[in-house]
Amino acid sequence: MDDQYVMRAVRADEWEKVKDLRIAALKDPAAPVAFLETLEQAEARADEFWQDRAKGASHGRHARQFVAEAPGGEWVGSVTVLVEEHGIADFFERAVEQTQGHLVGVYVRPEQRGSGLTERLFAAALEWAWALEGPALERVRLFVHENNARAAAFYRRFGFRPSGHVVPVPADPAAKEFEYVLPRP
């Protein structure tokens, strides 16, 4: 694993790189089972959307996007932590029962897969999540599509476990997403 890659949070002014990496992720053959957004939806979004996304994921408690940055400045991977506070409604319109993190937007460029960068991205994201105060996160969760066996295997290796909670995929209610959780250490 090349230690020259830096795992860091995005900065508010890096919206163009946020957009470029998301577009690359949505062009990946695994995108239909990895993301709830389509390439067409992302490409149609105005620059202001991407500016707001980068700003919102760069500071504060609500969200933080982490990237794997190559020595030349290229971004080769990303993961975002969303903080779901107790009592709010989540993406699936269910009440959040405990303050938790929610990992979304997991992507590593194909040529970097298997290199250890995904583990390093997750470690950076979880270090941030566990360090939050007021109130502390009780767990971190993510959802994985029933047909995304590669991702499910990685999550299990990293320590996430299926919770038993299953939700329909919003764009395809016949398909299922499985919740995986990692309790606070």
# chains A, B, ... in the order shown; residues from 1 in each chain; ligands from 1
>>> residues_around(residues="Ala152 (chain A)", least_positions_apart="2", cutoff="12 Å", atoms="only C-alpha atoms", output="NGL selection string")
:A and (33-34 or 106 or 142-150 or 154-162 or 177-181)
>>> select_by_dssp(residues="chain A", states="alpha helix (DSSP H)", output="PyMOL selection string")
chain A and resi 15-27+31-34+39-44+47-56+117-131+149-158
>>> closest_residue(among="A:Pro135, A:Leu126, A:Arg120, A:Ser163", to="Pro185 (chain A)", atoms="only C-alpha atoms")
A:Leu126
>>> closest_residue(among="A:Glu119, A:Glu93, A:Glu16, A:Glu138", to="Ala68 (chain A)", atoms="only C-alpha atoms")
A:Glu119
>>> atom_distance(atom1="CA of Trp128 (chain A)", atom2="CA of Arg61 (chain A)")
9.8 Å
>>> closest_residue(among="A:Ala129, A:Val76, A:Pro71, A:Glu48", to="Lys17 (chain A)", atoms="only C-alpha atoms")
A:Val76
>>> atom_distance(atom1="CA of Gln65 (chain A)", atom2="CA of Glu84 (chain A)")
14.8 Å
